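**Student:** Sharing entry_15.tsv (TSV, C-alpha atoms) below.
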chain	number	residue	atom	x	y	z
A	13	MET	CA	218.82	96.22	-90.58
A	14	ASN	CA	219.02	95.30	-86.90
A	15	LEU	CA	216.47	92.47	-86.72
A	16	ARG	CA	215.63	89.74	-84.24
A	17	ARG	CA	214.60	86.50	-85.92
A	18	ARG	CA	213.35	83.57	-83.93
A	19	VAL	CA	210.84	80.77	-83.92
A	20	PHE	CA	208.04	81.26	-81.41
A	21	TRP	CA	208.91	79.89	-78.02
A	22	LEU	CA	207.60	76.45	-77.05
A	23	ALA	CA	204.84	77.50	-74.64
A	24	GLY	CA	203.46	80.02	-77.09
A	25	SER	CA	203.16	77.37	-79.78
A	26	LEU	CA	201.27	75.06	-77.44
A	27	VAL	CA	198.85	77.85	-76.58
A	28	LEU	CA	198.28	78.56	-80.27
A	29	THR	CA	197.42	74.93	-80.99
A	30	ALA	CA	195.21	74.41	-77.95
A	31	SER	CA	193.28	77.58	-78.68
A	32	ILE	CA	192.13	76.50	-82.15
A	33	VAL	CA	189.35	74.25	-80.84
A	34	PHE	CA	188.31	76.75	-78.16
A	35	TRP	CA	187.89	79.62	-80.57
A	36	PHE	CA	186.51	77.69	-83.52
A	37	LYS	CA	182.84	78.36	-82.70
A	38	ARG	CA	183.52	81.96	-81.78
A	39	GLY	CA	185.46	82.89	-84.87
A	40	THR	CA	185.86	86.13	-86.76
A	41	SER	CA	183.71	86.67	-89.84
A	42	LEU	CA	184.63	88.92	-92.77
A	43	SER	CA	182.33	91.21	-94.74
A	44	LEU	CA	182.93	89.44	-98.05
A	45	GLU	CA	180.49	87.96	-100.54
A	46	ARG	CA	182.52	84.82	-101.21
A	47	ASN	CA	185.61	82.88	-100.23
A	48	HIS	CA	188.95	83.81	-101.79
A	49	GLY	CA	192.39	82.25	-101.99
A	50	THR	CA	193.71	85.16	-99.92
A	51	MET	CA	191.52	87.07	-97.51
A	52	GLY	CA	191.90	89.12	-94.38
A	53	ARG	CA	191.33	92.31	-92.46
A	54	VAL	CA	193.10	95.64	-91.91
A	55	PHE	CA	192.50	97.19	-88.48
A	56	VAL	CA	192.17	100.78	-89.52
A	57	THR	CA	192.50	102.69	-86.25
A	58	ALA	CA	195.68	100.96	-85.07
A	59	THR	CA	197.21	100.93	-88.55
A	60	ARG	CA	196.69	104.66	-89.03
A	61	GLN	CA	198.73	105.25	-85.87
A	62	SER	CA	201.74	103.30	-87.17
A	63	PRO	CA	204.67	104.95	-89.02
A	64	ALA	CA	204.30	102.16	-91.59
A	65	GLY	CA	200.51	102.24	-91.56
A	66	LEU	CA	199.69	103.29	-95.12
A	67	LYS	CA	202.15	100.83	-96.62
A	68	ILE	CA	200.90	98.02	-94.39
A	69	ALA	CA	197.36	98.69	-95.56
A	70	GLY	CA	198.43	98.21	-99.18
A	71	ALA	CA	200.92	95.39	-98.58
A	72	PRO	CA	198.50	92.45	-99.05
A	73	ALA	CA	198.21	93.44	-102.71
A	74	LEU	CA	201.77	92.20	-103.26
A	75	ILE	CA	200.51	88.62	-103.26
A	76	ASP	CA	197.67	89.14	-105.73
A	77	GLU	CA	198.13	88.17	-109.37
A	78	ILE	CA	201.03	90.15	-110.80
A	79	SER	CA	198.83	91.92	-113.34
A	80	ARG	CA	196.54	93.18	-110.55
A	81	VAL	CA	199.03	94.19	-107.85
A	82	GLY	CA	198.87	97.91	-108.61
A	83	SER	CA	195.09	98.13	-108.91
A	84	THR	CA	194.53	96.00	-105.81
A	85	ARG	CA	196.93	98.16	-103.80
A	86	ASP	CA	195.13	101.30	-104.98
A	87	ARG	CA	191.78	99.88	-103.87
A	88	LEU	CA	193.12	98.91	-100.45
A	89	VAL	CA	194.85	102.24	-99.87
A	90	THR	CA	191.85	104.27	-101.08
A	91	ALA	CA	189.53	102.35	-98.77
A	92	PHE	CA	191.97	102.72	-95.89
A	93	LYS	CA	192.22	106.48	-96.35
A	94	SER	CA	188.52	107.12	-96.79
A	95	THR	CA	186.67	104.69	-94.55
A	96	GLN	CA	185.01	105.56	-91.25
A	97	SER	CA	184.85	101.88	-90.38
A	98	PRO	CA	187.26	100.44	-87.77
A	99	THR	CA	188.21	97.63	-90.17
A	100	ILE	CA	188.49	96.86	-93.88
A	101	ASP	CA	188.08	93.32	-95.18
A	102	PHE	CA	189.57	92.11	-98.45
A	103	GLY	CA	189.74	89.04	-100.64
A	104	PHE	CA	191.50	88.08	-103.88
A	105	GLY	CA	193.71	85.34	-105.26
A	106	PRO	CA	195.02	83.44	-108.29
A	107	GLY	CA	192.25	82.87	-110.80
A	108	ASP	CA	189.80	84.90	-108.71
A	109	GLU	CA	187.03	86.55	-110.71
A	110	GLY	CA	187.56	89.84	-108.91
A	111	VAL	CA	188.94	91.63	-105.88
A	112	GLU	CA	186.70	92.44	-102.93
A	113	VAL	CA	187.45	95.31	-100.56
A	114	ALA	CA	184.75	96.13	-98.03
A	115	PRO	CA	184.34	98.00	-94.73
A	116	ALA	CA	182.99	95.98	-91.82
A	117	THR	CA	179.24	95.58	-92.30
A	118	GLN	CA	177.39	92.28	-92.44
A	119	SER	CA	179.55	89.28	-91.49
A	120	ARG	CA	179.42	86.53	-94.08
A	121	ILE	CA	182.67	84.59	-94.58
A	122	GLY	CA	184.47	82.99	-91.66
A	123	LEU	CA	188.17	83.60	-91.19
A	124	PRO	CA	189.87	80.16	-91.12
A	125	ALA	CA	190.48	78.83	-87.62
A	126	ILE	CA	194.28	79.06	-87.63
A	127	ALA	CA	194.21	82.68	-88.82
A	128	ASP	CA	191.52	83.51	-86.29
A	129	THR	CA	193.53	81.96	-83.45
A	130	LEU	CA	196.64	83.81	-84.58
A	131	LEU	CA	194.67	87.07	-84.60
A	132	LYS	CA	193.45	86.53	-81.04
A	133	ALA	CA	197.05	86.07	-79.88
A	134	GLN	CA	197.98	89.63	-80.96
A	135	ASP	CA	198.07	92.56	-78.55
A	136	ASN	CA	197.66	95.38	-81.06
A	137	PRO	CA	196.73	93.90	-84.46
A	138	LEU	CA	197.19	95.91	-87.63
A	139	LEU	CA	196.64	93.17	-90.20
A	140	ILE	CA	195.55	89.53	-90.45
A	141	LEU	CA	195.45	87.46	-93.61
A	142	HIS	CA	195.08	83.84	-94.61
A	143	ILE	CA	196.62	82.47	-97.81
A	144	ARG	CA	195.41	79.14	-99.18
A	145	GLU	CA	197.94	79.10	-102.06
A	146	PRO	CA	201.29	80.36	-100.71
A	147	ALA	CA	203.22	80.40	-104.02
A	148	ARG	CA	202.93	84.17	-104.54
A	149	LEU	CA	203.84	84.91	-100.94
A	150	ALA	CA	206.89	82.69	-101.36
A	151	GLN	CA	208.00	84.70	-104.40
A	152	VAL	CA	207.53	88.02	-102.60
A	153	ALA	CA	209.21	86.80	-99.39
A	154	ALA	CA	212.28	85.60	-101.27
A	155	ARG	CA	212.86	89.13	-102.56
A	156	ARG	CA	212.29	91.02	-99.30
A	157	SER	CA	215.47	91.79	-97.38
A	158	TRP	CA	213.75	91.35	-94.01
A	159	VAL	CA	212.30	87.90	-94.82
A	160	GLY	CA	214.76	86.39	-97.27
A	161	PRO	CA	215.11	83.52	-99.76
A	162	LEU	CA	215.31	80.77	-97.13
A	163	ALA	CA	211.90	81.61	-95.72
A	164	GLY	CA	210.58	82.01	-99.26
A	165	ASP	CA	211.60	78.44	-100.10
A	166	VAL	CA	209.84	77.08	-97.02
A	167	PHE	CA	206.72	79.17	-97.59
A	168	ALA	CA	206.33	77.55	-101.00
A	169	SER	CA	206.08	74.11	-99.39
A	170	ALA	CA	203.31	75.01	-96.93
A	171	ARG	CA	199.68	74.02	-97.45
A	172	SER	CA	198.44	77.37	-96.16
A	173	ILE	CA	199.91	80.37	-94.37
A	174	SER	CA	198.32	82.82	-91.97
A	175	VAL	CA	200.06	86.13	-91.30
A	176	ALA	CA	199.49	88.58	-88.45
A	177	VAL	CA	201.08	92.00	-88.07
A	178	ASP	CA	200.91	93.82	-84.77
A	179	GLU	CA	202.91	96.66	-83.28
A	180	ASP	CA	204.50	97.51	-79.97
A	181	THR	CA	203.71	101.21	-79.90
A	182	VAL	CA	206.23	101.93	-77.13
A	183	SER	CA	209.20	100.70	-79.16
A	184	ALA	CA	207.58	101.32	-82.59
A	185	ARG	CA	208.43	97.74	-83.52
A	186	LEU	CA	206.36	95.59	-85.85
A	187	ARG	CA	205.90	91.91	-85.04
A	188	VAL	CA	205.14	89.84	-88.14
A	189	THR	CA	204.03	86.31	-87.30
A	190	PHE	CA	203.67	83.53	-89.87
A	191	ALA	CA	201.74	80.34	-89.06
A	192	LEU	CA	202.65	77.74	-91.69
A	193	GLU	CA	200.36	74.73	-91.96
A	194	PHE	CA	201.70	71.49	-93.47
A	195	PRO	CA	199.93	68.32	-94.59
A	196	ASP	CA	201.64	66.13	-91.98
A	197	GLY	CA	204.20	66.13	-89.20
A	198	ASP	CA	207.05	64.96	-91.43
A	199	ALA	CA	206.61	67.91	-93.77
A	200	ALA	CA	206.37	70.34	-90.87
A	201	GLU	CA	209.53	69.01	-89.23
A	202	ALA	CA	211.40	69.13	-92.55
A	203	ALA	CA	210.38	72.78	-92.92
A	204	LEU	CA	211.63	73.56	-89.42
A	205	LYS	CA	214.98	71.91	-90.15
A	206	ARG	CA	215.27	73.90	-93.37
A	207	LEU	CA	214.55	77.19	-91.58
A	208	THR	CA	217.09	76.49	-88.85
A	209	SER	CA	219.78	75.04	-91.13
A	210	ALA	CA	221.33	78.50	-91.44
A	211	GLN	CA	221.16	79.58	-87.79
A	212	GLY	CA	223.20	82.72	-87.33
A	213	ASP	CA	223.74	83.16	-91.08
A	214	TYR	CA	222.38	86.65	-91.74
A	215	SER	CA	222.96	86.31	-95.47
A	216	GLN	CA	220.35	83.52	-95.46
A	217	LEU	CA	218.28	84.99	-92.59
A	218	GLY	CA	218.37	81.70	-90.70
A	219	PHE	CA	216.01	81.22	-87.76
A	220	ILE	CA	216.62	79.92	-84.25
A	221	ALA	CA	214.29	77.38	-82.63
A	222	GLN	CA	213.83	76.82	-78.92
A	223	PRO	CA	214.87	73.35	-77.65
A	224	GLY	CA	212.12	70.78	-78.07
A	225	TYR	CA	210.21	72.81	-80.62
A	226	GLU	CA	210.53	70.05	-83.23
A	227	ARG	CA	208.25	67.81	-81.14
A	228	VAL	CA	205.56	70.49	-81.10
A	229	VAL	CA	205.92	71.02	-84.85
A	230	ARG	CA	205.57	67.31	-85.59
A	231	ARG	CA	202.47	66.98	-83.42
A	232	THR	CA	200.67	70.12	-84.59
A	233	GLN	CA	201.80	70.17	-88.25
A	234	LEU	CA	202.39	73.91	-87.75
A	235	VAL	CA	205.54	76.01	-87.88
A	236	VAL	CA	205.07	79.43	-86.29
A	237	ILE	CA	207.79	82.02	-86.80
A	238	ARG	CA	208.09	85.68	-85.89
A	239	ILE	CA	210.14	88.51	-87.35
A	240	ASP	CA	210.56	91.75	-85.40
A	241	VAL	CA	211.45	94.91	-87.30
A	242	GLN	CA	211.36	98.61	-86.53
A	243	SER	CA	208.23	100.19	-88.01
A	244	ASN	CA	210.11	102.92	-89.89
A	245	GLU	CA	212.51	100.36	-91.38
A	246	ALA	CA	209.60	98.20	-92.55
A	247	ALA	CA	208.08	101.26	-94.21
A	248	GLU	CA	211.32	101.93	-96.07
A	249	HIS	CA	211.45	98.39	-97.46
A	250	LEU	CA	207.83	98.08	-98.55
A	251	PRO	CA	206.95	99.26	-102.07
A	252	PRO	CA	205.82	102.86	-102.48
A	253	ARG	CA	202.12	103.52	-102.13
If you convert what's in this file into structure tokens, what do you get?
**Tutor:**
Amino acid sequence: MNLRRRVFWLAGSLVLTASIVFWFKRGTSLSLERNHGTMGRVFVTATRQSPAGLKIAGAPALIDEISRVGSTRDRLVTAFKSTQSPTIDFGFGPGDEGVEVAPATQSRIGLPAIADTLLKAQDNPLLILHIREPARLAQVAARRSWVGPLAGDVFASARSISVAVDEDTVSARLRVTFALEFPDGDAAEAALKRLTSAQGDYSQLGFIAQPGYERVVRRTQLVVIRIDVQSNEAAEHLPPR
């Protein structure tokens, strides 16, 4: 595939970090009964307009427990097809007593601040999710040809990961942004070095960082990366619905 892979530019990362405090008291709330290890929102109207829309709606299920992936995907896709609501909220995770899928009604559970800030940085959001235990995402990422094993290794070392998917409708290009949170600056900088150790190596899907980005990563304990991919190509490489 013809992909552009790069770490978010320096100024964008500074804006992301500075915005967390500003938005914290004005955060997004989800229509869920309880907190989950993975939770998020599908933006139904925008997602229905995307060539990859139906598969994006079901994609979060890939990181549920292996035994539940199929049933969770079915619940997400069914809700996506049938709802009249502009959004669908969902929650699940390892050891979770059950999956929640709900249209937007009464707000109950706050979206974590980093995920909420990442959401507010998107122009045309299709999906936002926050993952407190990234191990399953790491396994899935390692197998996906447009993310790759290098990113999968780094995902496994993160404390939490927030993911946003938006789309440039003019070019029909998806922008998938990952905000990786680490316990300290040393761990974050080590992750950045690992991601950029294979710059230009398309067999490893190495990433390119802007000059000076390591200082931002050390200070914020965040590594923010973006993958751009054509919407129809993403649809081809996501599992069938």
**Student:** Please compute the CA of Ala199 in chain A-CA of Phe167 in chain A distance, one decimal, in Å.
**Tutor:**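 Between CA of Ala199 in chain A and CA of Phe167 in chain A the gap works out to 11.9 Å.
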**Student:** Suppose you want the space between CA of Ala114 in chain A and CA of Arg60 in chain A; what is it in Å?
**Tutor:**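 Interatomic distance, CA of Ala114 in chain A to CA of Arg60 in chain A: 17.2 Å.
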**Student:** Give one line per residue of range 47-79 of chain A that approaches range 124-148 of chain A to at most 9 Å, naming the two atoms of the closest pair and their distance in Å to one decimal, counting only C-alpha atoms; sort by chain then ascending residue number and deliver it as a tab-separated table.
**Tutor:**
residue	atom	partner	partner_atom	distance
A:His48	CA	A:Arg144	CA	8.4
A:Gly49	CA	A:Arg144	CA	5.2
A:Thr50	CA	A:Ile143	CA	4.5
A:Met51	CA	A:Leu141	CA	5.6
A:Gly52	CA	A:Leu141	CA	4.0
A:Arg53	CA	A:Ile140	CA	5.4
A:Val54	CA	A:Leu139	CA	4.6
A:Phe55	CA	A:Leu138	CA	4.9
A:Val56	CA	A:Leu138	CA	7.2
A:Thr57	CA	A:Leu138	CA	8.4
A:Ala58	CA	A:Leu138	CA	5.9
A:Thr59	CA	A:Leu138	CA	5.1
A:Arg60	CA	A:Leu138	CA	8.9
A:Ser62	CA	A:Leu138	CA	8.7
A:Gly65	CA	A:Leu138	CA	8.2
A:Ile68	CA	A:Leu139	CA	7.7
A:Ala69	CA	A:Leu139	CA	7.7
A:Pro72	CA	A:Leu141	CA	8.0
A:Leu74	CA	A:Arg148	CA	8.2
A:Ile75	CA	A:Arg148	CA	5.2
A:Asp76	CA	A:Arg148	CA	7.3
A:Glu77	CA	A:Arg148	CA	7.9
A:Ile78	CA	A:Arg148	CA	8.9
**Student:** Calculate how many Å separate CA of Ala184 in chain A from CA of Gln242 in chain A, rounding to one decimal.
**Tutor:**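 A separation of 6.1 Å between them.
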**Student:** Within 7 Å of (183.4, 90.3, -89.4) (coordinates as in the file), grab all the protein and nucleic acid residues, counting all atoms listed in the file, and write them out as a VMD selection string.
**Tutor:** chain A and resid 40 to 43 116 119
**Student:** With all atoms listed in the file as the counted atoms, please give the residues lying no more than 10 Å from Gln96 in chain A, apart from itself and same-chain residues fewer than 2 positions off, as a ChimeraX atom specification.
**Tutor:** /A:56-57,91-94,98-100,115-116
**Student:** Report the closest atom pair, with its distance in Å rounded to one decimal, for each residue of range 128-189 of chain A that has an atom no farther than 10 Å from range 233-236 of chain A; count only C-alpha atoms, sort by chain and then rising residue number, and write it as JSON lines.
**Tutor:**
{"residue": "A:Leu130", "atom": "CA", "partner": "A:Val236", "partner_atom": "CA", "distance": 9.7}
{"residue": "A:Ala170", "atom": "CA", "partner": "A:Leu234", "partner_atom": "CA", "distance": 9.3}
{"residue": "A:Ser172", "atom": "CA", "partner": "A:Leu234", "partner_atom": "CA", "distance": 9.9}
{"residue": "A:Ile173", "atom": "CA", "partner": "A:Leu234", "partner_atom": "CA", "distance": 9.6}
{"residue": "A:Ser174", "atom": "CA", "partner": "A:Val236", "partner_atom": "CA", "distance": 9.5}
{"residue": "A:Val175", "atom": "CA", "partner": "A:Val236", "partner_atom": "CA", "distance": 9.8}
{"residue": "A:Thr189", "atom": "CA", "partner": "A:Val236", "partner_atom": "CA", "distance": 7.0}
